[in-house]
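File shown: run30.txt (compact mmCIF, C-alpha atoms).
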# COMPACT_ATOMS: atom_id res chain seq x y z
CA MET A 1 74.11 35.50 37.71
CA GLU A 2 75.14 38.80 36.18
CA SER A 3 78.31 37.14 34.88
CA GLU A 4 76.30 34.30 33.30
CA ILE A 5 73.93 36.70 31.54
CA HIS A 6 76.95 38.71 30.36
CA SER A 7 78.56 35.55 28.93
CA ILE A 8 75.34 34.60 27.15
CA GLU A 9 74.99 38.01 25.53
CA LYS A 10 78.71 38.26 24.75
CA ASN A 11 78.55 34.94 22.87
CA GLN A 12 75.44 36.08 20.98
CA THR A 13 73.65 33.00 22.27
CA TRP A 14 70.15 34.34 21.68
CA GLU A 15 67.96 37.09 20.26
CA LEU A 16 64.69 38.45 21.61
CA ILE A 17 61.76 37.90 19.23
CA ASP A 18 58.02 37.28 19.12
CA LEU A 19 57.23 33.58 19.35
CA PRO A 20 56.42 32.26 15.84
CA ILE A 21 52.94 30.81 15.34
CA GLY A 22 52.90 27.10 16.13
CA ALA A 23 56.24 27.16 17.96
CA LYS A 24 56.60 26.24 21.62
CA THR A 25 58.94 27.51 24.30
CA ILE A 26 61.17 25.71 26.76
CA GLY A 27 61.38 27.01 30.31
CA VAL A 28 64.65 28.02 31.96
CA LYS A 29 65.92 27.89 35.53
CA TRP A 30 68.93 28.98 37.54
CA ILE A 31 71.34 26.26 38.71
CA TYR A 32 73.75 27.01 41.54
CA LYS A 33 76.95 25.03 42.02
CA THR A 34 79.88 25.05 44.45
CA LYS A 35 83.18 23.89 42.94
CA LEU A 36 85.71 22.44 45.38
CA ASN A 37 89.46 22.11 45.02
CA GLU A 38 91.59 19.04 45.76
CA LEU A 39 91.51 19.84 49.49
CA GLY A 40 87.72 19.92 49.59
CA GLU A 41 87.76 23.69 50.06
CA VAL A 42 85.46 26.05 48.15
CA ASP A 43 87.17 27.09 44.93
CA LYS A 44 84.34 29.14 43.46
CA TYR A 45 80.60 29.54 43.26
CA LYS A 46 78.87 29.25 39.92
CA ALA A 47 75.42 30.22 38.67
CA GLN A 48 74.30 28.69 35.37
CA LEU A 49 71.17 29.38 33.40
CA GLY A 50 69.80 26.04 32.29
CA ALA A 51 67.01 25.06 29.92
CA LYS A 52 64.35 22.62 31.08
CA GLY A 53 65.42 20.10 28.47
CA TYR A 54 63.37 17.31 29.99
CA SER A 55 60.41 18.63 27.98
CA GLN A 56 62.22 18.01 24.68
CA GLN A 57 61.31 15.04 22.48
CA GLN A 58 63.89 13.23 20.38
CA GLY A 59 63.09 13.39 16.69
CA VAL A 60 60.92 16.46 17.25
CA ASP A 61 63.05 18.98 19.15
CA PHE A 62 66.48 17.44 18.49
CA THR A 63 68.15 14.58 16.63
CA GLU A 64 71.65 13.84 17.95
CA ALA A 65 72.55 14.24 21.62
CA PHE A 66 75.59 12.00 22.19
CA ALA A 67 78.94 13.65 22.92
CA PRO A 68 82.11 11.70 23.83
CA VAL A 69 84.11 12.42 26.98
CA ALA A 70 87.65 11.42 27.92
CA ARG A 71 87.93 7.97 29.47
CA MET A 72 89.77 7.55 32.76
CA ASP A 73 92.28 5.16 31.18
CA THR A 74 93.06 7.87 28.58
CA VAL A 75 93.72 10.42 31.32
CA GLY A 76 95.89 7.85 33.11
CA MET A 77 97.83 7.18 29.93
CA ILE A 78 98.51 10.89 29.42
CA VAL A 79 99.73 11.27 33.02
CA ALA A 80 101.96 8.18 32.74
CA PHE A 81 103.38 9.28 29.38
CA ALA A 82 104.09 12.80 30.64
CA ALA A 83 105.78 11.41 33.76
CA HIS A 84 107.93 9.09 31.65
CA ARG A 85 109.03 11.93 29.36
CA GLY A 86 109.39 14.50 32.14
CA TRP A 87 106.69 16.76 30.68
CA LYS A 88 104.42 19.13 32.57
CA ILE A 89 100.63 18.82 32.29
CA TYR A 90 98.49 21.95 32.24
CA GLN A 91 94.76 22.51 32.60
CA LEU A 92 92.16 24.91 31.19
CA ASP A 93 88.54 25.38 32.22
CA VAL A 94 86.00 26.62 29.67
CA LYS A 95 83.59 29.18 31.07
CA SER A 96 80.00 28.47 29.99
CA ALA A 97 81.22 25.85 27.51
CA PHE A 98 77.82 24.97 26.06
CA LEU A 99 77.21 28.60 25.08
CA HIS A 100 79.76 28.07 22.28
CA GLY A 101 77.88 25.17 20.68
CA GLU A 102 75.88 26.24 17.63
CA LEU A 103 72.39 24.81 17.17
CA SER A 104 70.96 23.45 13.92
CA GLU A 105 67.39 23.32 15.30
CA ASP A 106 65.01 26.19 16.08
CA VAL A 107 64.81 26.45 19.88
CA TYR A 108 62.87 29.09 21.82
CA VAL A 109 63.20 29.68 25.57
CA GLU A 110 61.39 31.87 28.04
CA GLN A 111 63.05 34.96 29.47
CA PRO A 112 64.73 34.14 32.81
CA GLU A 113 63.15 35.40 36.01
CA GLY A 114 64.71 38.65 37.17
CA TYR A 115 66.04 39.43 33.70
CA LYS A 116 62.90 40.02 31.65
CA LYS A 117 63.21 42.95 29.27
CA LYS A 118 60.98 45.79 30.38
CA GLY A 119 58.24 46.41 27.83
CA SER A 120 58.98 43.12 26.04
CA GLU A 121 57.91 40.63 28.70
CA HIS A 122 55.75 38.77 26.16
CA LYS A 123 58.70 38.01 23.88
CA VAL A 124 60.94 34.93 23.94
CA TYR A 125 64.54 34.18 23.13
CA LYS A 126 65.47 32.29 19.98
CA LEU A 127 68.68 30.36 20.64
CA HIS A 128 71.54 30.51 18.16
CA LYS A 129 73.80 28.58 20.52
CA ALA A 130 73.14 26.00 23.19
CA LEU A 131 72.21 26.43 26.84
CA TYR A 132 72.95 23.98 29.64
CA GLY A 133 70.09 21.53 30.01
CA LEU A 134 69.27 21.19 26.31
CA LYS A 135 69.50 17.59 25.17
CA GLN A 136 71.64 18.54 22.18
CA ALA A 137 73.91 20.95 24.12
CA PRO A 138 76.81 18.51 24.80
CA ARG A 139 76.88 17.42 21.17
CA ALA A 140 76.77 20.99 19.87
CA TRP A 141 79.67 22.05 22.13
CA PHE A 142 81.87 19.05 21.30
CA SER A 143 81.26 19.45 17.56
CA HIS A 144 82.30 23.09 17.82
CA ILE A 145 85.57 22.54 19.70
CA GLU A 146 86.36 19.45 17.61
CA ALA A 147 86.07 21.53 14.42
CA HIS A 148 88.31 24.19 15.97
CA PHE A 149 91.05 21.66 16.74
CA VAL A 150 90.89 20.13 13.26
CA ASN A 151 91.09 23.57 11.63
CA ASP A 152 94.08 24.37 13.87
CA GLY A 153 96.04 21.40 12.54
CA PHE A 154 95.32 18.80 15.22
CA GLN A 155 94.84 15.13 14.44
CA LYS A 156 92.03 13.27 16.23
CA CYS A 157 92.85 9.86 17.64
CA PRO A 158 90.76 7.25 15.78
CA ASN A 159 90.29 5.18 18.96
CA GLU A 160 89.64 8.04 21.40
CA GLN A 161 87.51 10.88 20.03
CA THR A 162 88.46 13.31 22.81
CA LEU A 163 92.23 12.96 22.29
CA PHE A 164 93.97 15.32 19.85
CA THR A 165 97.64 15.61 18.87
CA LYS A 166 99.60 18.17 16.90
CA ARG A 167 103.16 18.12 15.57
CA SER A 168 105.21 21.16 14.67
CA SER A 169 107.50 21.39 11.65
CA GLU A 170 110.41 20.72 14.06
CA GLY A 171 108.80 17.48 15.24
CA LYS A 172 107.59 18.84 18.59
CA VAL A 173 104.34 17.35 19.88
CA LEU A 174 101.30 18.70 21.74
CA ILE A 175 98.68 16.38 23.29
CA VAL A 176 95.20 17.60 24.31
CA SER A 177 92.33 15.75 26.01
CA ILE A 178 88.81 17.08 26.66
CA TYR A 179 86.25 16.19 29.29
CA VAL A 180 83.19 18.40 28.63
CA ASP A 181 84.43 21.84 29.78
CA ASP A 182 87.74 20.70 31.30
CA LEU A 183 90.83 20.40 29.15
CA ILE A 184 94.33 19.08 29.88
CA TYR A 185 97.36 19.38 27.63
CA THR A 186 101.02 18.41 27.64
CA GLY A 187 103.96 18.25 25.27
CA ASP A 188 107.69 18.63 24.79
CA ASP A 189 107.75 22.32 23.85
CA GLU A 190 106.82 25.01 26.39
CA ASN A 191 106.51 27.70 23.69
CA MET A 192 104.12 25.52 21.69
CA MET A 193 101.97 24.96 24.79
CA PHE A 194 102.07 28.68 25.64
CA ASP A 195 100.88 29.59 22.13
CA PHE A 196 98.14 26.96 22.34
CA LYS A 197 96.89 28.33 25.67
CA ASN A 198 96.80 31.92 24.39
CA SER A 199 95.05 30.85 21.20
CA MET A 200 92.36 28.94 23.10
CA MET A 201 91.78 31.81 25.52
CA LYS A 202 91.27 34.21 22.60
CA VAL A 203 88.73 32.00 20.84
CA PHE A 204 86.94 30.70 23.95
CA ASP A 205 86.26 32.24 27.33
CA MET A 206 88.62 30.14 29.45
CA THR A 207 90.25 30.09 32.86
CA ASP A 208 93.93 29.16 33.01
CA LEU A 209 94.28 26.72 35.93
CA GLY A 210 98.03 26.36 35.52
CA ARG A 211 99.58 22.98 36.17
CA MET A 212 97.11 20.12 36.48
CA ARG A 213 96.31 19.66 40.19
CA PHE A 214 92.78 18.26 40.36
CA PHE A 215 90.98 16.56 37.47
CA LEU A 216 87.91 14.29 37.56
CA GLY A 217 88.35 13.66 41.27
CA ILE A 218 92.05 12.81 40.92
CA GLU A 219 94.59 14.85 42.87
CA VAL A 220 97.82 15.41 40.93
CA LEU A 221 101.19 16.47 42.31
CA GLN A 222 103.83 17.30 39.70
CA ARG A 223 107.43 17.30 40.92
CA SER A 224 110.86 17.07 39.36
CA ASP A 225 111.10 13.38 40.33
CA GLY A 226 107.74 12.37 38.84
CA ILE A 227 103.99 12.83 38.85
CA PHE A 228 102.05 11.50 41.82
CA ILE A 229 98.29 10.90 41.91
CA CYS A 230 95.83 9.99 44.64
CA GLN A 231 92.13 10.26 45.51
CA LYS A 232 92.33 11.31 49.15
CA LYS A 233 89.37 13.69 48.87
CA TYR A 234 87.18 10.98 47.30
CA VAL A 235 88.21 8.38 49.89
CA MET A 236 87.47 10.76 52.76
CA GLU A 237 84.02 11.50 51.30
CA VAL A 238 83.24 7.76 51.04
CA LEU A 239 84.43 7.14 54.61
CA ASN A 240 82.31 10.04 55.83
CA VAL A 241 79.20 8.71 54.06
CA LEU A 242 79.77 5.25 55.56
CA GLY A 243 80.23 6.75 59.01
CA CYS A 244 83.75 5.38 59.36
CA LEU A 245 85.25 8.73 60.32
CA LYS A 246 82.86 9.12 63.29
CA ALA A 247 83.56 5.56 64.37
CA SER A 248 87.32 6.16 64.40
CA GLN A 249 86.85 9.24 66.56
In structure tokens, what does this structure look like?
Amino acid sequence: MESEIHSIEKNQTWELIDLPIGAKTIGVKWIYKTKLNELGEVDKYKAQLGAKGYSQQQGVDFTEAFAPVARMDTVGMIVAFAAHRGWKIYQLDVKSAFLHGELSEDVYVEQPEGYKKKGSEHKVYKLHKALYGLKQAPRAWFSHIEAHFVNDGFQKCPNEQTLFTKRSSEGKVLIVSIYVDDLIYTGDDENMMFDFKNSMMKVFDMTDLGRMRFFLGIEVLQRSDGIFICQKKYVMEVLNVLGCLKASQ
């Protein structure tokens, strides 16, 4: 929770003000998540501060909410292409991704429980950037990272909005795909990929996950003789829900 508040303040997500006359506030709540790895083991615990966006009304509190995400066939195509070319696929995770998305609307939220400013308990936060739970948060985040890629010389695929490619002056290529706050990338130049990773980690608060191992429920094993994928964890979860594991025992 301390880390989440630190990220919010570091990104200048909000400012504490008196609520303007006629304006309304949106409540906030803490959301706790457990992220698992490809073996079903606990990878990390996360606490996110989310806005109670269910109280927002389209056309009043926000306009556009849609944000594209990578399709599974796109991810499969990238894996197959990388395997064919003998390329490595790497993965980055954006910490508090939605906190980077800039808002065009005026949004006010209550101070979170346990973190109310002493002597200013009556004040509210005006959001400059999005919080999880806001209807427009996914759109704001995607628009922000999309603009960053375009400014950095990437070309967006006309048929897949979450797929970006970049070519160097020597003809080397870098391919990037985004799924909300998860990002995979591959290419034929290790130095180009290294520079891309460092650049992204400077601009955004990211975690370097190294080679792609687990993405959207797909387990990935990268070896010198190819790239192998499976969904063992998912299958085991389905069998457990159906009671098949107990029956086999």
Students should find that CA of Gln222 (chain A) and CA of His84 (chain A) are spaced 12.2 Å
Rank nothing, just name the residue among A:Leu134, A:Leu245, A:Met77, A:Val94 nearest to Lys29 (chain A), using all atoms listed in the file.
->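 Of A:Leu134, A:Leu245, A:Met77, A:Val94, the one nearest Lys29 (chain A) is A:Leu134, counting all atoms listed in the file.
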Do a neighbour search on His144 (chain A) at 9 Å with all atoms listed in the file, toss out local chain neighbours closer than 6 positions, and write the hits as a PDB file with C-alpha atoms, keeping the file's coordinate frame.
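selection-v7.pdb, written as the output of this step:
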ATOM      1  CA  HIS A 100      79.760  28.070  22.280  1.00  0.00           C
ATOM      2  CA  GLY A 101      77.880  25.170  20.680  1.00  0.00           C
ATOM      3  CA  GLU A 102      75.880  26.240  17.630  1.00  0.00           C
TER       4      GLU A 102
END
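For Gly153 (chain A), the non-local neighbours within 9 Å, defined as residues at least 3 positions apart in the same chain or in other chains and counting only C-alpha atoms, are His148, Phe149, Val150, Thr165, Lys166 and Arg167 of chain A.
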For the selection just defined, write its residues with C-alpha atoms to a file, as a compact mmCIF listing (two decimals), in the frame of the given file.
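Written out: selection34.txt:
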# COMPACT_ATOMS: atom_id res chain seq x y z
CA HIS A 148 88.31 24.19 15.97
CA PHE A 149 91.05 21.66 16.74
CA VAL A 150 90.89 20.13 13.26
CA THR A 165 97.64 15.61 18.87
CA LYS A 166 99.60 18.17 16.90
CA ARG A 167 103.16 18.12 15.57
Around region 159-177 of chain A, fit a box with edges along x, y and z, padding it by 4 Å on each side, then list its centre and edge lengths in Å to one decimal as JSON.
{"center_x": 99.0, "center_y": 13.3, "center_z": 18.8, "size_x": 30.9, "size_y": 24.2, "size_z": 22.4}
Quick one, how far is CA of Lys44 (chain A) from CA of Lys95 (chain A)?
->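 We find that CA of Lys44 (chain A) and CA of Lys95 (chain A) lie 12.4 Å from each other.
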If I put a ball of radius 8 Å at (85.3, 16.2, 29.9) in the file's coordinates, which residues poke into it when counting all atoms listed in the file, written as number ranges by chain?
-> A: 69-70, 178-183
Any idea what's packed within 8 Å of region 190-199 of chain A, counting all atoms listed in the file, ignoring anything in its chain fewer than 5 positions away? Could you give it as a list in words?
->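 Neighbouring residues, sequence-local ones excluded: Leu174, Tyr185 and Asp208 of chain A.
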Atomic distance CA of Ala130 (chain A) - CA of Val42 (chain A), expressed in Å with one decimal |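 CA of Val42 (chain A) lies at a distance of 27.8 Å from CA of Ala130 (chain A).
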Using all atoms listed in the file, find all polymer residues with an atom at most 12 Å away from the point (76.4, 39.7, 35.7); report them as a PyMOL selection string.
-> chain A and resi 1-10+46-49+114-115
Would you please work out which residue, of A:Ile184, A:Cys244, A:Cys230, A:Val220, is nearest to Leu92 (chain A) when using only C-alpha atoms?
-> A:Ile184
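Minimum atom-to-atom distance to Ala97 (chain A), evaluated using all atoms listed in the file, belongs to A:Ser143 out of A:Asn159, A:Asn151, A:Ser169, A:Ser143.
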Quick one: of A:Gln58, A:Gln231, A:Thr186, A:Ser120, who's nearest to Val79 (chain A), counting all atoms listed in the file?
->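 Residue with the minimum atom-to-atom distance to Val79 (chain A): A:Thr186.
By chain and then residue number, the residues within 7 Å of Val28 (chain A) are Ile26, Leu49, Gly50, Ala51, Lys52, Val109, Glu110 and Pro112 of chain A, counting only C-alpha atoms and disregarding those fewer than 2 positions away in sequence.
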Could you turn the residues from that selection into a file that holds C-alpha atoms, as an mmCIF file, keeping the file's coordinate frame?
data_model
loop_
_atom_site.group_PDB
_atom_site.id
_atom_site.type_symbol
_atom_site.label_atom_id
_atom_site.label_comp_id
_atom_site.auth_asym_id
_atom_site.auth_seq_id
_atom_site.Cartn_x
_atom_site.Cartn_y
_atom_site.Cartn_z
ATOM 1 C CA ILE A 26 61.170 25.710 26.760
ATOM 2 C CA LEU A 49 71.170 29.380 33.400
ATOM 3 C CA GLY A 50 69.800 26.040 32.290
ATOM 4 C CA ALA A 51 67.010 25.060 29.920
ATOM 5 C CA LYS A 52 64.350 22.620 31.080
ATOM 6 C CA VAL A 109 63.200 29.680 25.570
ATOM 7 C CA GLU A 110 61.390 31.870 28.040
ATOM 8 C CA PRO A 112 64.730 34.140 32.810
#
For region 211-216 of chain A, find every residue with an atom within 8 Å (counting all atoms listed in the file), except residues of its own chain fewer than 4 positions away, and show them as a compact mmCIF listing (two decimals) with C-alpha atoms, in the frame of the given file.
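Result file is part.txt:
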# COMPACT_ATOMS: atom_id res chain seq x y z
CA ASN A 37 89.46 22.11 45.02
CA GLU A 38 91.59 19.04 45.76
CA LYS A 88 104.42 19.13 32.57
CA ILE A 89 100.63 18.82 32.29
CA TYR A 90 98.49 21.95 32.24
CA GLN A 91 94.76 22.51 32.60
CA ILE A 184 94.33 19.08 29.88
CA VAL A 220 97.82 15.41 40.93
CA LEU A 221 101.19 16.47 42.31
CA GLN A 222 103.83 17.30 39.70
Restricting the calculation to all atoms listed in the file, which member of A:Ser177, A:Gln56, A:Gln155, A:Thr74 is positioned closest to Glu105 (chain A)?
-> A:Gln56
Have a look at A:Ala137, A:Leu16, A:Val176, A:Leu36 and name the one nearest to Phe154 (chain A); count all atoms listed in the file.
->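 Ranking A:Ala137, A:Leu16, A:Val176, A:Leu36 by distance to Phe154 (chain A), first place goes to A:Val176.
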